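Here's the structure, in structure tokens; my notes come after.
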Amino acid sequence: MSGPRRPTDPSGLERYYVLTGGRSGPGGSASGLDVATLIISRAAPAPGLQHEHEEILRLCRDPLSVAELGALLGLPFNILAVLLSDLLDAGRVEARDPLPASAAGRGPDLALLEEVLSGLQRL
Amino acid sequence: MDFKGFDHPDRQPDGGTRSVKVMIAGGFGTGKTTMVRSVSDIRPLTTEETLTQASAGVDHLIGVTDKQETTVSLDFGKIGINDRLVLYLFGTPGQERFWFLWNGLFKGALGAVVLVDTRRLASSFRAVEEMERQNVPFVIALNVFPDSEEHPVEEIRDALDIPAHTPVVAFDARDRASSRDVLIALIQHLKDRTAPSLELR
């Protein structure tokens, strides 16, 4: 059944290598990205940008989570994080982390919980 | 391609939208994806992470080369809370051993819902343990399958060793209102918790 071995790459690893320039993990500003972090474009897609960077800027005119971006672009989280780190470092996007239920040393954020609760009750 | 959105005159500037996240945990086949699907405003999506882990059984040596790439998927949905707050729901991977590999998966979550199939209580043991270990506040949601026997809540609480302050509710993951009520129970539980010692790490 198997013919001569050809250099196939079913996992897409080669593609990811090209996309990220061989960088394997997010460094710098993207290392704290969460799947629920919202990404918002702060610049228009400019000519000469890498295709994926351009796509991210287009998709994030309205806030979009890292998870949604990953699903829409078909990229795993760690690869997307590298691309987002480029855009964050260049100031082309803004990242907003998910709000925690309580901030360190400050107890529960009751106003936030109340807001979520009333939103759910309206569903 | 349409780049007009950027300078469209009547486009409202983004009003500082923020997100919150809730994790839906539980053993394999307990209804996590069903719950995400029934309560989400959008068709649930899947995001992936490629994890590198040392092959099973090898020593924890630094620089070990025998590694495996594993793709772990998260199903997720979202609920618009109001015009400036979005709730994301993430169904955790069925295999709990991946939870700690996905760095920070539970970090920053408001809390978690642990789904339990009352016909197979044992399948959610690990999920309960993991929530306690990671100090994630949670509620237990008994997904009532059509052929589930009646299980008194207290019996299940004992069987799963759930602390008295943790709510246990019964629901139907296929039903939107029922799934929403579980989320309401979680947020109510978070509100009821007091004292700084209970904060998320």
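Lettering and numbering for the structure tokens are positional, with chains as A, B, ... in the shown order, residues counted from 1 in each chain, and ligands counted from 1 in the shown order.
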
Phe145 (chain B): which residues within 10 Å, counting only C-alpha atoms, same-chain residues fewer than 6 positions away excluded, as a PyMOL selection string? chain B and resi 30-31+117-119+171-174

Saved selection, atoms kept: N, CA and C atoms, as an mmCIF file, in the first residue's frame:
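part-v4.cif was written with the following content:
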```cif
data_model
loop_
_atom_site.group_PDB
_atom_site.id
_atom_site.type_symbol
_atom_site.label_atom_id
_atom_site.label_comp_id
_atom_site.auth_asym_id
_atom_site.auth_seq_id
_atom_site.Cartn_x
_atom_site.Cartn_y
_atom_site.Cartn_z
ATOM 1 N N THR B 30 -19.597 13.019 30.148
ATOM 2 C CA THR B 30 -20.549 13.491 31.158
ATOM 3 C C THR B 30 -21.452 14.603 30.625
ATOM 4 N N GLY B 31 -21.186 15.077 29.415
ATOM 5 C CA GLY B 31 -22.079 16.077 28.809
ATOM 6 C C GLY B 31 -21.514 17.487 28.736
ATOM 7 N N ASP B 117 -22.029 12.214 35.782
ATOM 8 C CA ASP B 117 -23.015 11.260 35.277
ATOM 9 C C ASP B 117 -23.295 10.310 36.442
ATOM 10 N N THR B 118 -24.524 10.362 36.966
ATOM 11 C CA THR B 118 -24.812 9.605 38.188
ATOM 12 C C THR B 118 -24.715 8.085 37.966
ATOM 13 N N ARG B 119 -24.707 7.658 36.708
ATOM 14 C CA ARG B 119 -24.554 6.226 36.435
ATOM 15 C C ARG B 119 -23.086 5.802 36.520
ATOM 16 N N PHE B 171 -29.421 18.679 36.771
ATOM 17 C CA PHE B 171 -29.854 19.429 35.587
ATOM 18 C C PHE B 171 -29.846 18.537 34.357
ATOM 19 N N ASP B 172 -30.306 19.109 33.241
ATOM 20 C CA ASP B 172 -30.291 18.409 31.966
ATOM 21 C C ASP B 172 -29.432 19.224 31.005
ATOM 22 N N ALA B 173 -28.263 18.687 30.653
ATOM 23 C CA ALA B 173 -27.297 19.437 29.837
ATOM 24 C C ALA B 173 -27.844 19.813 28.465
ATOM 25 N N ARG B 174 -28.884 19.122 28.014
ATOM 26 C CA ARG B 174 -29.430 19.418 26.683
ATOM 27 C C ARG B 174 -30.347 20.635 26.709
#
```

Which residues come within 12 Å of Asp109 (chain A), counting only C-alpha atoms, excluding same-chain residues fewer than 2 positions away, as a PyMOL selection string? (chain A and resi 99-107+111-116) or (chain B and resi 110+187+190-194+196+199-200)

Rank A:Leu120, A:Ala95, A:Glu14, A:Thr37 by their smallest atom-to-atom distance to Ala185 (chain B), using only C-alpha atoms, and report the top residue only.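 Comparing A:Leu120, A:Ala95, A:Glu14, A:Thr37 against Ala185 (chain B), the winner is A:Leu120.
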
Using only C-alpha atoms, which chain A residues lie at most 9 Å away from chain B, written as a PDB file with N, CA and C atoms, in the first residue's frame?
```pdb
ATOM      1  N   GLY A  32       1.661  35.702  28.740  1.00  0.00           N
ATOM      2  CA  GLY A  32       0.558  35.631  29.685  1.00  0.00           C
ATOM      3  C   GLY A  32      -0.797  35.480  29.024  1.00  0.00           C
ATOM      4  N   ASP A  34      -4.212  34.208  27.657  1.00  0.00           N
ATOM      5  CA  ASP A  34      -5.157  33.187  28.084  1.00  0.00           C
ATOM      6  C   ASP A  34      -6.078  32.896  26.904  1.00  0.00           C
ATOM      7  N   VAL A  35      -6.711  31.715  26.917  1.00  0.00           N
ATOM      8  CA  VAL A  35      -7.667  31.422  25.844  1.00  0.00           C
ATOM      9  C   VAL A  35      -8.816  32.424  25.827  1.00  0.00           C
ATOM     10  N   ALA A  36      -9.116  33.023  26.973  1.00  0.00           N
ATOM     11  CA  ALA A  36     -10.227  33.978  27.036  1.00  0.00           C
ATOM     12  C   ALA A  36      -9.755  35.434  26.956  1.00  0.00           C
ATOM     13  N   THR A  37      -8.451  35.647  26.725  1.00  0.00           N
ATOM     14  CA  THR A  37      -7.949  37.015  26.552  1.00  0.00           C
ATOM     15  C   THR A  37      -8.565  37.612  25.290  1.00  0.00           C
ATOM     16  N   LEU A  38      -9.056  38.834  25.390  1.00  0.00           N
ATOM     17  CA  LEU A  38      -9.629  39.499  24.220  1.00  0.00           C
ATOM     18  C   LEU A  38      -8.536  40.259  23.477  1.00  0.00           C
ATOM     19  N   ILE A  40      -7.863  43.071  20.487  1.00  0.00           N
ATOM     20  CA  ILE A  40      -8.515  44.164  19.768  1.00  0.00           C
ATOM     21  C   ILE A  40      -7.474  44.836  18.875  1.00  0.00           C
ATOM     22  N   ALA A  43      -4.509  48.858  14.848  1.00  0.00           N
ATOM     23  CA  ALA A  43      -3.933  49.375  13.596  1.00  0.00           C
ATOM     24  C   ALA A  43      -4.633  48.685  12.444  1.00  0.00           C
ATOM     25  N   ALA A  44      -4.665  49.328  11.306  1.00  0.00           N
ATOM     26  CA  ALA A  44      -5.257  48.723  10.115  1.00  0.00           C
ATOM     27  C   ALA A  44      -4.242  47.757   9.518  1.00  0.00           C
ATOM     28  N   PRO A  45      -4.742  46.712   8.840  1.00  0.00           N
ATOM     29  CA  PRO A  45      -3.801  45.806   8.180  1.00  0.00           C
ATOM     30  C   PRO A  45      -3.005  46.585   7.140  1.00  0.00           C
ATOM     31  N   ARG A  58      -7.669  42.013  10.872  1.00  0.00           N
ATOM     32  CA  ARG A  58      -8.991  42.140  10.265  1.00  0.00           C
ATOM     33  C   ARG A  58     -10.070  41.564  11.185  1.00  0.00           C
ATOM     34  N   ARG A  61     -11.176  43.614  14.693  1.00  0.00           N
ATOM     35  CA  ARG A  61     -11.707  44.985  14.741  1.00  0.00           C
ATOM     36  C   ARG A  61     -12.683  45.089  15.894  1.00  0.00           C
ATOM     37  N   ASP A  62     -13.462  44.032  16.079  1.00  0.00           N
ATOM     38  CA  ASP A  62     -14.260  43.893  17.288  1.00  0.00           C
ATOM     39  C   ASP A  62     -13.526  42.890  18.167  1.00  0.00           C
ATOM     40  N   PRO A  63     -13.591  43.069  19.477  1.00  0.00           N
ATOM     41  CA  PRO A  63     -12.834  42.183  20.374  1.00  0.00           C
ATOM     42  C   PRO A  63     -13.153  40.712  20.122  1.00  0.00           C
ATOM     43  N   SER A  65     -11.765  36.652  21.333  1.00  0.00           N
ATOM     44  CA  SER A  65     -10.884  35.927  22.251  1.00  0.00           C
ATOM     45  C   SER A  65      -9.812  35.172  21.480  1.00  0.00           C
ATOM     46  N   VAL A  66      -8.734  34.859  22.171  1.00  0.00           N
ATOM     47  CA  VAL A  66      -7.657  34.067  21.583  1.00  0.00           C
ATOM     48  C   VAL A  66      -8.204  32.713  21.122  1.00  0.00           C
ATOM     49  N   ALA A  67      -9.137  32.148  21.892  1.00  0.00           N
ATOM     50  CA  ALA A  67      -9.721  30.851  21.508  1.00  0.00           C
ATOM     51  C   ALA A  67     -10.478  30.963  20.186  1.00  0.00           C
ATOM     52  N   GLU A  68     -11.267  32.030  20.043  1.00  0.00           N
ATOM     53  CA  GLU A  68     -12.007  32.209  18.791  1.00  0.00           C
ATOM     54  C   GLU A  68     -11.061  32.417  17.614  1.00  0.00           C
ATOM     55  N   LEU A  69     -10.022  33.203  17.835  1.00  0.00           N
ATOM     56  CA  LEU A  69      -9.038  33.416  16.778  1.00  0.00           C
ATOM     57  C   LEU A  69      -8.412  32.090  16.347  1.00  0.00           C
ATOM     58  N   GLY A  70      -8.059  31.272  17.338  1.00  0.00           N
ATOM     59  CA  GLY A  70      -7.451  29.974  17.044  1.00  0.00           C
ATOM     60  C   GLY A  70      -8.373  29.108  16.216  1.00  0.00           C
ATOM     61  N   ALA A  71      -9.659  29.124  16.589  1.00  0.00           N
ATOM     62  CA  ALA A  71     -10.640  28.306  15.865  1.00  0.00           C
ATOM     63  C   ALA A  71     -10.838  28.846  14.444  1.00  0.00           C
ATOM     64  N   LEU A  72     -10.927  30.168  14.304  1.00  0.00           N
ATOM     65  CA  LEU A  72     -11.186  30.754  12.989  1.00  0.00           C
ATOM     66  C   LEU A  72      -9.991  30.616  12.051  1.00  0.00           C
ATOM     67  N   GLY A  74      -7.614  28.304  12.431  1.00  0.00           N
ATOM     68  CA  GLY A  74      -7.134  26.920  12.397  1.00  0.00           C
ATOM     69  C   GLY A  74      -5.712  26.782  12.912  1.00  0.00           C
ATOM     70  N   LEU A  75      -5.377  27.585  13.924  1.00  0.00           N
ATOM     71  CA  LEU A  75      -4.023  27.530  14.485  1.00  0.00           C
ATOM     72  C   LEU A  75      -4.068  27.110  15.941  1.00  0.00           C
ATOM     73  N   PRO A  76      -3.141  26.250  16.358  1.00  0.00           N
ATOM     74  CA  PRO A  76      -3.090  25.901  17.783  1.00  0.00           C
ATOM     75  C   PRO A  76      -2.662  27.107  18.618  1.00  0.00           C
ATOM     76  N   PHE A  77      -3.047  27.051  19.862  1.00  0.00           N
ATOM     77  CA  PHE A  77      -2.819  28.155  20.799  1.00  0.00           C
ATOM     78  C   PHE A  77      -1.367  28.637  20.828  1.00  0.00           C
ATOM     79  N   ASN A  78      -0.438  27.701  20.923  1.00  0.00           N
ATOM     80  CA  ASN A  78       0.969  28.124  21.093  1.00  0.00           C
ATOM     81  C   ASN A  78       1.522  28.826  19.853  1.00  0.00           C
ATOM     82  N   ILE A  79       1.043  28.432  18.677  1.00  0.00           N
ATOM     83  CA  ILE A  79       1.493  29.085  17.443  1.00  0.00           C
ATOM     84  C   ILE A  79       0.857  30.476  17.337  1.00  0.00           C
ATOM     85  N   ARG A  96      -6.609  42.105  26.371  1.00  0.00           N
ATOM     86  CA  ARG A  96      -7.257  42.299  27.675  1.00  0.00           C
ATOM     87  C   ARG A  96      -7.518  40.945  28.303  1.00  0.00           C
ATOM     88  N   ASP A  97      -6.877  40.707  29.413  1.00  0.00           N
ATOM     89  CA  ASP A  97      -7.030  39.421  30.097  1.00  0.00           C
ATOM     90  C   ASP A  97      -8.420  39.277  30.695  1.00  0.00           C
ATOM     91  N   PRO A  98      -8.889  38.026  30.852  1.00  0.00           N
ATOM     92  CA  PRO A  98     -10.189  37.828  31.495  1.00  0.00           C
ATOM     93  C   PRO A  98     -10.168  38.370  32.926  1.00  0.00           C
ATOM     94  N   LEU A  99     -11.302  38.905  33.348  1.00  0.00           N
ATOM     95  CA  LEU A  99     -11.399  39.442  34.700  1.00  0.00           C
ATOM     96  C   LEU A  99     -11.534  38.290  35.694  1.00  0.00           C
ATOM     97  N   PRO A 100     -10.731  38.279  36.744  1.00  0.00           N
ATOM     98  CA  PRO A 100     -10.840  37.227  37.756  1.00  0.00           C
ATOM     99  C   PRO A 100     -11.976  37.534  38.731  1.00  0.00           C
ATOM    100  N   ALA A 101     -12.430  36.497  39.439  1.00  0.00           N
ATOM    101  CA  ALA A 101     -13.522  36.676  40.398  1.00  0.00           C
ATOM    102  C   ALA A 101     -13.071  37.492  41.602  1.00  0.00           C
ATOM    103  N   SER A 102     -11.770  37.447  41.871  1.00  0.00           N
ATOM    104  CA  SER A 102     -11.248  38.241  42.969  1.00  0.00           C
ATOM    105  C   SER A 102      -9.810  38.577  42.667  1.00  0.00           C
ATOM    106  N   ALA A 103      -9.434  39.804  42.962  1.00  0.00           N
ATOM    107  CA  ALA A 103      -8.063  40.212  42.734  1.00  0.00           C
ATOM    108  C   ALA A 103      -7.243  39.868  43.970  1.00  0.00           C
ATOM    109  N   ALA A 104      -5.971  39.590  43.758  1.00  0.00           N
ATOM    110  CA  ALA A 104      -5.102  39.180  44.859  1.00  0.00           C
ATOM    111  C   ALA A 104      -5.170  40.187  46.003  1.00  0.00           C
ATOM    112  N   GLY A 105      -5.433  39.683  47.196  1.00  0.00           N
ATOM    113  CA  GLY A 105      -5.441  40.539  48.375  1.00  0.00           C
ATOM    114  C   GLY A 105      -6.691  41.380  48.537  1.00  0.00           C
ATOM    115  N   ARG A 106      -7.608  41.292  47.567  1.00  0.00           N
ATOM    116  CA  ARG A 106      -8.762  42.167  47.641  1.00  0.00           C
ATOM    117  C   ARG A 106     -10.084  41.426  47.778  1.00  0.00           C
ATOM    118  N   GLY A 107     -10.147  40.171  47.941  1.00  0.00           N
ATOM    119  CA  GLY A 107     -11.449  39.523  48.109  1.00  0.00           C
ATOM    120  C   GLY A 107     -12.264  39.526  46.830  1.00  0.00           C
ATOM    121  N   PRO A 108     -13.444  38.926  46.879  1.00  0.00           N
ATOM    122  CA  PRO A 108     -14.253  38.742  45.676  1.00  0.00           C
ATOM    123  C   PRO A 108     -14.733  40.065  45.070  1.00  0.00           C
ATOM    124  N   ASP A 109     -14.801  40.123  43.768  1.00  0.00           N
ATOM    125  CA  ASP A 109     -15.298  41.285  43.047  1.00  0.00           C
ATOM    126  C   ASP A 109     -16.817  41.125  42.912  1.00  0.00           C
ATOM    127  N   LEU A 110     -17.515  41.582  43.943  1.00  0.00           N
ATOM    128  CA  LEU A 110     -18.965  41.364  43.999  1.00  0.00           C
ATOM    129  C   LEU A 110     -19.715  42.068  42.878  1.00  0.00           C
ATOM    130  N   LEU A 113     -19.469  39.860  39.821  1.00  0.00           N
ATOM    131  CA  LEU A 113     -20.303  38.667  39.949  1.00  0.00           C
ATOM    132  C   LEU A 113     -21.783  39.017  39.791  1.00  0.00           C
ATOM    133  N   GLU A 114     -22.161  40.155  40.343  1.00  0.00           N
ATOM    134  CA  GLU A 114     -23.546  40.616  40.236  1.00  0.00           C
ATOM    135  C   GLU A 114     -23.909  40.895  38.776  1.00  0.00           C
ATOM    136  N   GLU A 115     -22.958  41.464  38.058  1.00  0.00           N
ATOM    137  CA  GLU A 115     -23.161  41.780  36.641  1.00  0.00           C
ATOM    138  C   GLU A 115     -23.362  40.490  35.827  1.00  0.00           C
ATOM    139  N   VAL A 116     -22.530  39.495  36.100  1.00  0.00           N
ATOM    140  CA  VAL A 116     -22.630  38.213  35.389  1.00  0.00           C
ATOM    141  C   VAL A 116     -23.967  37.556  35.727  1.00  0.00           C
ATOM    142  N   LEU A 117     -24.313  37.610  37.005  1.00  0.00           N
ATOM    143  CA  LEU A 117     -25.546  36.989  37.467  1.00  0.00           C
ATOM    144  C   LEU A 117     -26.775  37.589  36.771  1.00  0.00           C
ATOM    145  N   SER A 118     -26.826  38.919  36.707  1.00  0.00           N
ATOM    146  CA  SER A 118     -28.026  39.502  36.100  1.00  0.00           C
ATOM    147  C   SER A 118     -28.053  39.258  34.595  1.00  0.00           C
ATOM    148  N   GLY A 119     -26.877  39.174  33.975  1.00  0.00           N
ATOM    149  CA  GLY A 119     -26.831  38.830  32.552  1.00  0.00           C
ATOM    150  C   GLY A 119     -27.372  37.435  32.301  1.00  0.00           C
ATOM    151  N   LEU A 120     -26.988  36.489  33.159  1.00  0.00           N
ATOM    152  CA  LEU A 120     -27.448  35.106  33.008  1.00  0.00           C
ATOM    153  C   LEU A 120     -28.948  35.003  33.257  1.00  0.00           C
ATOM    154  N   GLN A 121     -29.424  35.778  34.214  1.00  0.00           N
ATOM    155  CA  GLN A 121     -30.855  35.718  34.539  1.00  0.00           C
ATOM    156  C   GLN A 121     -31.717  36.255  33.401  1.00  0.00           C
ATOM    157  N   ARG A 122     -31.123  37.097  32.554  1.00  0.00           N
ATOM    158  CA  ARG A 122     -31.887  37.630  31.417  1.00  0.00           C
ATOM    159  C   ARG A 122     -31.921  36.671  30.242  1.00  0.00           C
ATOM    160  N   LEU A 123     -31.125  35.629  30.266  1.00  0.00           N
ATOM    161  CA  LEU A 123     -31.069  34.690  29.128  1.00  0.00           C
ATOM    162  C   LEU A 123     -32.421  34.014  28.892  1.00  0.00           C
TER     163      LEU A 123
END
```

Members of chain A assigned strand (DSSP E or B) by DSSP, as a count of residues only: 12

What's the 8 Å shell around region 90-93 of chain A, counting only C-alpha atoms, without same-chain residues fewer than 5 positions away, as a ChimeraX atom specification? /A:39-43,57,84

Distance of CA of Leu49 (chain A) from CA of Glu94 (chain A), expressed in Å to one decimal place: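 These atoms are spaced 17.3 Å apart.
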
Rank B:Val168, B:Leu121, B:Val136, B:Met131 by their smallest atom-to-atom distance to Val153 (chain B), using only C-alpha atoms, and report the top residue only. B:Val168

Quick one: pull the distance between CA of Leu160 (chain B) and CA of Glu130 (chain B), Å, one decimal.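 These atoms are spaced 12.8 Å apart.
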
Distance in Å - CA of Ile56 (chain A) versus CA of Leu19 (chain A): 13.3 Å

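Ranking B:Met23, B:Ala170, B:Val36, B:Ile42 by their shortest atom-to-atom distance to Pro152 (chain B), with only C-alpha atoms included, puts B:Ala170 first.
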